[in-house]
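Dumped coords_13.cif below, it's mmCIF, C-alpha atoms:
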data_query
loop_
_atom_site.label_atom_id
_atom_site.label_comp_id
_atom_site.auth_asym_id
_atom_site.auth_seq_id
_atom_site.Cartn_x
_atom_site.Cartn_y
_atom_site.Cartn_z
CA MET P 1 132.04 75.95 196.61
CA LEU P 2 128.89 75.34 198.52
CA LEU P 3 127.01 77.68 196.26
CA ARG P 4 128.42 76.03 193.18
CA ALA P 5 127.45 72.60 194.42
CA VAL P 6 123.95 73.69 195.29
CA THR P 7 123.52 75.50 192.02
CA ALA P 8 124.72 72.50 190.06
CA PHE P 9 122.28 70.36 191.93
CA GLY P 10 119.55 72.86 191.24
CA ALA P 11 120.14 72.68 187.54
CA ALA P 12 120.31 68.91 187.62
CA PHE P 13 117.12 68.64 189.61
CA ALA P 14 115.28 71.12 187.48
CA ALA P 15 116.20 69.24 184.35
CA SER P 16 114.98 66.00 185.80
CA ARG P 17 112.21 67.22 188.04
CA ALA P 18 109.69 64.98 186.40
CA GLY P 19 110.59 61.79 188.10
CA ALA P 20 114.24 60.96 187.96
CA ALA P 21 115.15 62.55 191.23
CA THR P 22 112.25 60.93 193.00
CA GLU P 23 113.62 57.49 192.39
CA SER P 24 117.34 57.88 192.39
CA PRO P 25 119.80 60.27 193.91
CA ALA P 26 122.10 59.89 190.93
CA GLN P 27 122.51 63.46 189.81
CA ASP P 28 124.39 62.48 186.70
CA LYS P 29 121.53 60.62 185.09
CA LEU P 30 119.57 63.53 183.71
CA GLN P 31 117.84 61.59 181.00
CA GLU P 32 116.01 59.05 183.10
CA LYS P 33 112.63 57.98 181.87
CA LEU P 34 109.63 60.16 182.53
CA LYS P 35 106.50 59.11 184.36
CA VAL P 36 103.19 60.19 182.90
CA VAL P 37 99.63 59.88 184.15
CA TYR P 38 96.82 60.03 181.61
CA HIS P 39 93.46 61.26 182.84
CA LEU P 40 90.37 59.85 181.16
CA SER P 41 86.81 60.72 182.15
CA ASP P 42 85.01 61.39 178.84
CA PHE P 43 83.06 58.45 177.44
CA ASP P 44 83.76 59.42 173.86
CA LYS P 45 87.50 59.83 174.42
CA VAL P 46 88.22 56.21 175.29
CA PRO P 47 89.60 54.97 171.95
CA PHE P 48 91.39 58.27 171.35
CA VAL P 49 93.24 58.17 174.67
CA LEU P 50 94.25 54.53 174.25
CA GLY P 51 95.63 55.53 170.85
CA ASN P 52 97.47 58.45 172.46
CA ILE P 53 99.08 56.11 174.96
CA GLN P 54 100.13 53.70 172.21
CA ASN P 55 101.62 56.64 170.30
CA HIS P 56 103.38 57.78 173.45
CA LEU P 57 105.00 54.37 173.90
CA ASP P 58 105.98 54.22 170.24
CA GLY P 59 107.23 57.81 170.21
CA VAL P 60 109.75 57.30 172.99
CA GLY P 61 110.95 53.95 171.72
CA GLY P 62 108.84 51.60 173.79
CA PRO P 63 107.88 50.97 177.41
CA ASP P 64 111.50 50.87 178.57
CA HIS P 65 111.61 54.64 178.08
CA VAL P 66 108.49 55.83 179.86
CA THR P 67 106.25 54.83 182.75
CA ILE P 68 102.58 55.37 181.94
CA ALA P 69 99.54 55.17 184.19
CA LEU P 70 95.96 55.67 183.08
CA VAL P 71 93.33 56.66 185.61
CA VAL P 72 89.74 56.21 184.46
CA HIS P 73 86.72 57.67 186.19
CA GLY P 74 83.24 58.90 185.42
CA PRO P 75 81.45 57.99 182.19
CA ALA P 76 84.69 56.76 180.60
CA LEU P 77 84.82 53.68 182.80
CA ARG P 78 81.77 51.95 181.33
CA PRO P 79 83.41 50.86 178.04
CA PHE P 80 86.03 49.03 180.10
CA GLN P 81 83.42 46.77 181.69
CA THR P 82 83.87 43.25 180.36
CA SER P 83 80.20 43.08 179.45
CA GLN P 84 80.44 46.29 177.42
CA ALA P 85 83.89 46.25 175.87
CA ASN P 86 84.06 45.60 172.15
CA PRO P 87 86.76 43.26 170.84
CA GLU P 88 88.87 46.08 169.44
CA LEU P 89 88.98 47.91 172.77
CA SER P 90 89.67 44.71 174.70
CA GLU P 91 92.56 43.85 172.43
CA HIS P 92 93.99 47.38 172.58
CA PHE P 93 93.67 47.40 176.36
CA ALA P 94 95.39 44.02 176.68
CA ARG P 95 98.24 45.13 174.44
CA LEU P 96 98.86 48.25 176.51
CA SER P 97 98.61 46.26 179.71
CA ARG P 98 101.23 43.81 178.44
CA ALA P 99 103.41 46.83 177.61
CA GLY P 100 103.35 47.79 181.28
CA VAL P 101 100.77 50.57 181.29
CA GLY P 102 99.11 50.71 184.70
CA PHE P 103 95.34 51.04 184.72
CA ALA P 104 93.41 52.34 187.71
CA ALA P 105 89.63 52.57 187.99
CA CYS P 106 87.99 55.07 190.30
CA GLY P 107 86.43 53.37 193.30
CA ASN P 108 83.67 55.96 193.51
CA THR P 109 82.71 55.38 189.89
CA MET P 110 82.70 51.63 190.45
CA ARG P 111 80.32 52.03 193.37
CA ALA P 112 78.09 54.33 191.32
CA GLN P 113 78.07 51.83 188.46
CA LYS P 114 77.56 48.96 190.94
CA ILE P 115 80.50 46.98 189.63
CA GLY P 116 83.50 45.22 191.12
CA LEU P 117 86.98 44.61 189.84
CA ALA P 118 85.84 41.34 188.29
CA ASP P 119 83.50 43.29 186.03
CA LEU P 120 86.35 45.23 184.42
CA LEU P 121 88.82 44.11 181.78
CA PRO P 122 91.61 42.17 183.52
CA GLY P 123 94.54 44.41 184.44
CA PHE P 124 92.79 47.18 186.36
CA ILE P 125 93.48 48.07 189.94
CA VAL P 126 91.02 50.03 192.06
CA ALA P 127 91.82 53.58 193.12
CA ASP P 128 90.20 53.21 196.52
CA LYS P 129 90.30 56.89 197.45
CA GLY P 130 88.92 57.83 194.06
CA GLY P 131 90.35 58.56 190.65
CA VAL P 132 91.02 62.25 191.20
CA VAL P 133 92.85 61.60 194.46
CA ARG P 134 94.94 58.98 192.68
CA ILE P 135 95.88 61.40 189.91
CA ALA P 136 96.96 64.00 192.46
CA GLU P 137 99.00 61.40 194.35
CA LEU P 138 100.75 60.29 191.17
CA GLN P 139 101.59 63.88 190.29
CA SER P 140 102.99 64.36 193.78
CA GLN P 141 105.24 61.39 193.03
CA GLY P 142 106.61 63.07 189.93
CA TYR P 143 104.19 61.92 187.27
CA LEU P 144 103.52 64.44 184.53
CA TYR P 145 99.88 65.00 183.64
CA LEU P 146 98.20 64.53 180.29
CA ARG P 147 94.52 64.93 179.66
CA PRO P 148 93.88 64.60 175.89
CA MET S 149 125.15 77.01 207.77
CA LEU S 150 124.97 74.31 205.18
CA LEU S 151 121.44 73.51 206.22
CA ARG S 152 120.44 77.12 206.10
CA ALA S 153 121.92 77.54 202.65
CA VAL S 154 120.24 74.44 201.34
CA THR S 155 116.95 75.41 202.90
CA ALA S 156 117.12 78.88 201.44
CA PHE S 157 117.83 77.36 198.08
CA GLY S 158 114.92 75.00 198.52
CA ALA S 159 112.53 77.85 199.15
CA ALA S 160 113.89 79.78 196.22
CA PHE S 161 113.64 76.82 193.91
CA ALA S 162 110.16 75.90 195.05
CA ALA S 163 108.95 79.43 194.44
CA SER S 164 110.36 79.42 190.96
CA ARG S 165 110.07 75.77 190.08
CA ALA S 166 108.18 76.51 186.93
CA GLY S 167 111.06 77.50 184.80
CA ALA S 168 113.29 80.09 186.37
CA ALA S 169 115.76 77.68 187.87
CA THR S 170 115.97 75.70 184.67
CA GLU S 171 117.31 78.65 182.78
CA SER S 172 119.34 80.58 185.30
CA PRO S 173 121.15 79.82 188.50
CA ALA S 174 120.33 83.29 189.81
CA GLN S 175 118.53 82.48 193.04
CA ASP S 176 117.55 86.08 193.59
CA LYS S 177 115.27 86.32 190.59
CA LEU S 178 112.21 84.59 191.95
CA GLN S 179 109.75 86.24 189.63
CA GLU S 180 111.12 85.06 186.32
CA LYS S 181 108.62 84.39 183.60
CA LEU S 182 106.67 81.15 183.57
CA LYS S 183 106.59 78.65 180.74
CA VAL S 184 103.23 77.19 179.79
CA VAL S 185 102.23 74.48 177.35
CA TYR S 186 98.68 74.46 176.06
CA HIS S 187 97.25 71.14 174.98
CA LEU S 188 94.68 71.15 172.19
CA SER S 189 93.08 68.05 170.73
CA ASP S 190 89.37 68.87 170.51
CA PHE S 191 88.18 70.08 167.12
CA ASP S 192 85.57 72.38 168.63
CA LYS S 193 87.99 73.95 171.10
CA VAL S 194 90.28 75.56 168.52
CA PRO S 195 88.99 79.16 168.61
CA PHE S 196 88.47 78.97 172.37
CA VAL S 197 92.04 77.90 173.09
CA LEU S 198 93.53 80.51 170.77
CA GLY S 199 91.46 83.06 172.69
CA ASN S 200 92.73 81.65 175.98
CA ILE S 201 96.30 82.06 174.80
CA GLN S 202 95.65 85.65 173.72
CA ASN S 203 94.10 86.32 177.12
CA HIS S 204 97.09 84.69 178.79
CA LEU S 205 99.50 86.98 176.96
CA ASP S 206 97.38 90.03 177.72
CA GLY S 207 96.88 89.02 181.35
CA VAL S 208 100.56 88.88 182.16
CA GLY S 209 101.42 92.04 180.26
CA GLY S 210 102.56 90.60 176.96
CA PRO S 211 104.90 87.97 175.58
CA ASP S 212 107.88 89.33 177.51
CA HIS S 213 106.33 87.89 180.65
CA VAL S 214 105.46 84.34 179.65
CA THR S 215 106.67 81.65 177.28
CA ILE S 216 103.79 79.82 175.64
CA ALA S 217 103.79 76.69 173.50
CA LEU S 218 100.73 75.13 171.91
CA VAL S 219 100.78 71.46 170.96
CA VAL S 220 98.01 70.39 168.60
CA HIS S 221 97.07 66.80 167.86
CA GLY S 222 94.10 64.72 166.87
CA PRO S 223 90.95 66.27 165.40
CA ALA S 224 92.03 69.77 166.43
CA LEU S 225 94.78 69.90 163.82
CA ARG S 226 92.52 69.97 160.77
CA PRO S 227 91.37 73.61 161.15
CA PHE S 228 95.03 74.64 161.03
CA GLN S 229 95.46 73.20 157.55
CA THR S 230 95.91 76.05 155.09
CA SER S 231 93.18 74.63 152.89
CA GLN S 232 90.72 74.52 155.80
CA ALA S 233 91.56 77.55 157.90
CA ASN S 234 89.09 80.40 157.81
CA PRO S 235 90.45 83.97 157.60
CA GLU S 236 89.69 84.73 161.24
CA LEU S 237 91.62 81.68 162.49
CA SER S 238 94.53 82.37 160.14
CA GLU S 239 94.78 85.96 161.33
CA HIS S 240 94.53 84.95 165.00
CA PHE S 241 97.17 82.29 164.50
CA ALA S 242 99.54 84.70 162.74
CA ARG S 243 99.12 87.27 165.49
CA LEU S 244 99.97 84.73 168.20
CA SER S 245 102.89 83.44 166.17
CA ARG S 246 104.26 86.98 165.84
CA ALA S 247 103.89 87.30 169.63
CA GLY S 248 106.26 84.39 170.04
CA VAL S 249 103.87 81.54 170.77
CA GLY S 250 105.42 78.28 169.62
CA PHE S 251 103.16 75.95 167.67
CA ALA S 252 103.85 72.24 167.33
CA ALA S 253 101.81 69.79 165.29
CA CYS S 254 101.73 66.09 166.14
CA GLY S 255 103.66 64.05 163.59
CA ASN S 256 101.36 61.07 164.05
CA THR S 257 98.30 63.18 163.34
CA MET S 258 99.97 64.65 160.26
CA ARG S 259 100.65 61.15 158.94
CA ALA S 260 97.06 60.11 159.67
CA GLN S 261 95.75 63.20 157.89
CA LYS S 262 98.28 62.68 155.07
CA ILE S 263 99.65 66.19 155.29
CA GLY S 264 103.07 67.78 155.50
CA LEU S 265 104.33 70.91 157.17
CA ALA S 266 103.60 72.89 153.98
CA ASP S 267 99.92 72.07 154.40
CA LEU S 268 99.70 73.83 157.77
CA LEU S 269 99.53 77.53 158.54
CA PRO S 270 103.08 78.93 158.46
CA GLY S 271 104.68 78.90 161.90
CA PHE S 272 104.21 75.29 162.94
CA ILE S 273 106.97 72.90 163.73
CA VAL S 274 106.50 69.12 163.70
CA ALA S 275 106.53 67.16 166.94
CA ASP S 276 108.28 64.17 165.40
CA LYS S 277 107.80 61.81 168.33
CA GLY S 278 104.15 62.80 168.57
CA GLY S 279 102.19 65.51 170.30
CA VAL S 280 101.74 63.74 173.62
CA VAL S 281 105.45 62.96 173.88
CA ARG S 282 106.21 66.60 173.14
CA ILE S 283 103.86 67.78 175.89
CA ALA S 284 105.51 65.45 178.40
CA GLU S 285 108.97 66.65 177.32
CA LEU S 286 107.97 70.29 177.72
CA GLN S 287 106.61 69.59 181.20
CA SER S 288 109.86 67.85 182.10
CA GLN S 289 111.58 71.09 181.08
CA GLY S 290 109.49 73.10 183.52
CA TYR S 291 106.50 74.04 181.40
CA LEU S 292 103.21 74.23 183.28
CA TYR S 293 100.27 72.46 181.68
CA LEU S 294 96.97 73.94 180.61
CA ARG S 295 94.25 72.05 178.84
CA PRO S 296 91.18 74.33 178.53
CA MET I 297 129.03 65.29 203.44
CA LEU I 298 127.88 68.22 201.41
CA LEU I 299 126.83 65.92 198.64
CA ARG I 300 124.97 63.66 201.03
CA ALA I 301 123.12 66.60 202.55
CA VAL I 302 122.18 68.01 199.20
CA THR I 303 121.12 64.62 197.93
CA ALA I 304 119.00 64.00 200.98
CA PHE I 305 117.37 67.34 200.47
CA GLY I 306 116.79 66.52 196.84
CA ALA I 307 114.96 63.34 197.70
CA ALA I 308 112.92 65.09 200.34
CA PHE I 309 112.01 67.91 198.02
CA ALA I 310 111.17 65.63 195.17
CA ALA I 311 108.86 63.58 197.35
CA SER I 312 107.05 66.66 198.49
CA ARG I 313 107.41 68.85 195.45
CA ALA I 314 103.68 69.43 195.29
CA GLY I 315 103.47 72.03 197.95
CA ALA I 316 105.10 71.03 201.17
CA ALA I 317 108.45 72.57 200.51
CA THR I 318 106.90 75.78 199.27
CA GLU I 319 105.32 76.42 202.62
CA SER I 320 107.71 74.94 205.13
CA PRO I 321 111.39 74.16 205.27
CA ALA I 322 110.72 71.14 207.44
CA GLN I 323 112.34 68.38 205.43
CA ASP I 324 110.99 65.68 207.71
CA LYS I 325 107.35 66.28 206.94
CA LEU I 326 107.07 64.51 203.63
CA GLN I 327 103.39 63.84 203.88
CA GLU I 328 102.11 67.39 204.06
CA LYS I 329 98.83 68.04 202.39
CA LEU I 330 98.72 68.53 198.66
CA LYS I 331 97.39 71.56 196.86
CA VAL I 332 95.25 70.98 193.80
CA VAL I 333 93.76 73.34 191.25
CA TYR I 334 90.75 72.15 189.27
CA HIS I 335 90.23 73.67 185.84
CA LEU I 336 86.66 74.03 184.60
CA SER I 337 85.69 75.59 181.30
CA ASP I 338 83.11 73.20 179.81
CA PHE I 339 79.49 74.18 180.39
CA ASP I 340 78.35 70.56 180.60
CA LYS I 341 81.07 69.56 183.06
CA VAL I 342 79.92 71.78 185.92
CA PRO I 343 78.03 69.24 188.05
CA PHE I 344 80.61 66.55 187.27
CA VAL I 345 83.55 68.65 188.42
CA LEU I 346 81.81 69.75 191.61
CA GLY I 347 81.20 66.07 192.29
CA ASN I 348 84.86 65.31 191.61
CA ILE I 349 85.90 67.93 194.13
CA GLN I 350 83.51 66.53 196.74
CA ASN I 351 84.94 63.07 196.07
CA HIS I 352 88.44 64.47 196.36
CA LEU I 353 87.70 65.95 199.77
CA ASP I 354 86.02 62.74 200.92
CA GLY I 355 88.78 60.55 199.50
CA VAL I 356 91.56 62.19 201.46
CA GLY I 357 89.59 62.41 204.68
CA GLY I 358 88.26 65.94 204.48
CA PRO I 359 89.46 69.47 203.85
CA ASP I 360 92.16 69.23 206.51
CA HIS I 361 94.09 66.98 204.17
CA VAL I 362 94.03 68.87 200.89
CA THR I 363 93.86 72.44 199.63
CA ILE I 364 91.59 72.76 196.61
CA ALA I 365 91.04 75.69 194.28
CA LEU I 366 88.62 75.75 191.37
CA VAL I 367 89.15 78.19 188.53
CA VAL I 368 86.15 78.67 186.25
CA HIS I 369 86.26 80.38 182.88
CA GLY I 370 84.52 80.32 179.53
CA PRO I 371 81.09 78.76 179.09
CA ALA I 372 81.31 76.98 182.46
CA LEU I 373 80.89 80.22 184.39
CA ARG I 374 77.29 80.90 183.38
CA PRO I 375 75.71 78.21 185.61
CA PHE I 376 77.36 79.91 188.60
CA GLN I 377 75.49 83.15 188.00
CA THR I 378 72.97 83.63 190.78
CA SER I 379 70.23 84.20 188.23
CA GLN I 380 71.02 80.93 186.45
CA ALA I 381 72.05 78.55 189.20
CA ASN I 382 69.62 75.80 190.08
CA PRO I 383 69.06 74.98 193.76
CA GLU I 384 71.09 71.78 193.60
CA LEU I 385 74.13 73.54 192.18
CA SER I 386 73.81 76.43 194.63
CA GLU I 387 73.67 74.04 197.56
CA HIS I 388 76.59 71.98 196.30
CA PHE I 389 78.63 75.11 195.71
CA ALA I 390 77.87 76.45 199.19
CA ARG I 391 78.83 73.14 200.78
CA LEU I 392 82.20 73.09 199.01
CA SER I 393 82.78 76.73 199.84
CA ARG I 394 82.14 76.00 203.53
CA ALA I 395 84.65 73.14 203.24
CA GLY I 396 87.31 75.65 202.24
CA VAL I 397 87.41 75.18 198.48
CA GLY I 398 88.55 78.42 196.85
CA PHE I 399 86.56 79.53 193.81
CA ALA I 400 87.95 81.96 191.26
CA ALA I 401 86.07 83.32 188.26
CA CYS I 402 87.90 84.52 185.17
CA GLY I 403 87.79 88.31 184.88
CA ASN I 404 87.80 88.13 181.09
CA THR I 405 84.81 85.81 181.07
CA MET I 406 82.98 88.09 183.50
CA ARG I 407 83.55 91.05 181.20
CA ALA I 408 82.38 89.04 178.20
CA GLN I 409 79.26 87.93 180.08
CA LYS I 410 78.78 91.51 181.37
CA ILE I 411 78.57 90.42 184.99
CA GLY I 412 80.17 91.48 188.25
CA LEU I 413 81.08 89.58 191.36
CA ALA I 414 77.62 90.31 192.81
CA ASP I 415 76.09 88.31 189.96
CA LEU I 416 77.89 85.12 190.96
CA LEU I 417 77.13 82.72 193.79
CA PRO I 418 78.65 84.12 196.98
CA GLY I 419 82.15 82.79 197.61
CA PHE I 420 83.86 83.58 194.31
CA ILE I 421 86.85 85.82 193.94
CA VAL I 422 87.80 87.39 190.62
CA ALA I 423 90.89 86.23 188.76
CA ASP I 424 91.74 89.71 187.50
CA LYS I 425 94.46 88.65 185.07
CA GLY I 426 92.20 85.91 183.71
CA GLY I 427 91.47 82.32 184.60
CA VAL I 428 94.28 80.74 182.62
CA VAL I 429 96.87 83.07 184.14
CA ARG I 430 95.54 82.22 187.58
CA ILE I 431 95.84 78.50 186.93
CA ALA I 432 99.44 78.92 185.80
CA GLU I 433 100.23 81.03 188.86
CA LEU I 434 98.74 78.42 191.18
CA GLN I 435 100.77 75.68 189.52
CA SER I 436 103.90 77.79 189.94
CA GLN I 437 103.04 77.88 193.64
CA GLY I 438 102.98 74.10 193.83
CA TYR I 439 99.37 73.32 193.03
CA LEU I 440 98.82 70.11 191.10
CA TYR I 441 96.53 70.35 188.09
CA LEU I 442 93.34 68.43 187.45
CA ARG I 443 91.07 68.97 184.50
CA PRO I 444 88.32 66.31 184.57
#
As structure tokens - that is how I would like this structure written.
Amino acid sequence: MLLRAVTAFGAAFAASRAGAATESPAQDKLQEKLKVVYHLSDFDKVPFVLGNIQNHLDGVGGPDHVTIALVVHGPALRPFQTSQANPELSEHFARLSRAGVGFAACGNTMRAQKIGLADLLPGFIVADKGGVVRIAELQSQGYLYLRP
Amino acid sequence: MLLRAVTAFGAAFAASRAGAATESPAQDKLQEKLKVVYHLSDFDKVPFVLGNIQNHLDGVGGPDHVTIALVVHGPALRPFQTSQANPELSEHFARLSRAGVGFAACGNTMRAQKIGLADLLPGFIVADKGGVVRIAELQSQGYLYLRP
Amino acid sequence: MLLRAVTAFGAAFAASRAGAATESPAQDKLQEKLKVVYHLSDFDKVPFVLGNIQNHLDGVGGPDHVTIALVVHGPALRPFQTSQANPELSEHFARLSRAGVGFAACGNTMRAQKIGLADLLPGFIVADKGGVVRIAELQSQGYLYLRP
């Protein structure tokens, strides 16, 4: 009986290891929404990754069905500076932000680029300990990892 | 006793979290084969990643010891079109396919490139919800993630 | 009672799935240090990734608070050859090695580049089954994955 219970739990947890069990003890809700962190550091990948995130939202039926975070660091952060962002990027960013995507900018990169939060498109938060630390923390909280 | 049983299970599950427990409740088989999803979106990474997958199969002693899926999206899909693929790539692809590697092409990319399944090397399936959604789903099923 | 115990364990394990539970059955230590594997294969990413790892160490308060492994394969290995490494890279590498970062070089890449362990900066170990296999193994042991 004990073994059966534990085994059943094991199967349930395994099936939902990517987030569900971290937020709710309800073992019967196996199809809870996944959490995904996108990692973006390449300058030339910025539009591509925003498109990937839009496709991700669309593919699962909208933001009610997935939790997405984007962590930006290194050369990829510059295009998100208000002074640099082109209208198309700004609009795409705003649309994703309205859809609930969480955007975090690496604090180390911001210091290196001598910018503050006010210099970035509105909607970012600062990853104070750095972008890579933030990505590891999110994974430890059940976020799956995608680095297109 | 309960605690000990649960703890033992915890250790077993942790050691095999990458797949074993999702497929079998046998807690004594800690060394079951891993499941790995490779992520490929860069055009110029195509031969490299196919080589990585071949090395992965060889490194673990063949396809009996690992389950590998490759999800292709974005610019990386074009070289897999039958009309574009060079003989070396086609042969490499066929060899990996015979070895059991599962190939999925992003449905969004296929629409953007105006191609159907018949236009790709034989062996692909379509990731209808998109390549990134498929990668997240596979991870939620216990697949480890590799993005060379 | 059983259910409550199992559920409590589930929450504890989920919160610490990235390593803690694989090393210790202590369910009350949820904030154990994370384990992270960095994946490096791009030639032009070498200095960037070493910087990321330094930032990671600094961001969490030093090597006591994170376990970091770097697996290098493909074109990225060449700059780590003693005959190729510039002084800045050598010094950075040595500093990270002293801080406890584990460096593994892909055995397949070493064979392809016709080099042995003595040809690499001191501190490397060889990933005999290949770099990608090593990365999968580390993930199966609870390492989180980062590929900047």
Straight-line distance linking CA of Asp58 (chain P) with CA of Asp276 (chain S), stated in Å to one decimal: 11.3 Å
Expected residue set, 12 Å radius at (100.6, 78.3, 182.4), all atoms listed in the file, as number ranges by chain: S: 166-167, 181-187, 200-201, 203-205, 207-208, 213-218, 286-287, 290-296; I: 335, 426-437, 439, 441
Can you list, as a count of residues only, every protein, DNA or RNA residue that comes within 9 Å of Leu198 (chain S) when you count all atoms listed in the file, leaving out same-chain residues fewer than 3 positions away? 10
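Distances here use all atoms listed in the file; by that measure, the residue among S:Ala275, S:Ala247, S:Ala242, S:Leu265 closest to chain P is S:Ala275.
By all atoms listed in the file, and with residues fewer than 6 positions from Phe43 (chain P) along its chain excluded, the set lying at most 12 Å from it is Val49, Val72, His73, Gly74, Pro75, Ala76, Leu77, Arg78, Pro79 and Phe80 of chain P; Pro444 of chain I.
Residues matched by the PyMOL selection byres ((chain S and resi 269) around 6) in this file are Phe228, Thr230, Leu268 and Pro270 of chain S.
In this structure, CA of Lys129 (chain P) sits 29.0 Å away from CA of Asn382 (chain I).
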Minimum-distance residue to chain P, chosen among I:Ser337, I:Gly347, I:Glu387, I:Ala401 (using all atoms listed in the file): I:Gly347
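For the set S:Phe196, S:Glu236, S:Asp190, S:Ile263, the residue with the smallest atom-to-atom gap to chain P is S:Asp190, counting all atoms listed in the file.
Reported to one decimal place, the separation of CA of Leu188 (chain S) from CA of Asn256 (chain S) is 14.6 Å.
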With a distance cut-off of 6 Å and only C-alpha atoms, select the neighbouring residues of Ala104 (chain P), excluding the residue or stretch itself and same-chain residues fewer than 3 positions from it, and output the selection as a list in words. Val71, Phe124, Ile125, Val126 and Ala127 of chain P
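If you measure from each of I:Gly396, I:Gly403, I:Gly357, I:Gly419 to chain S using all atoms listed in the file, the closest one turns out to be I:Gly403.
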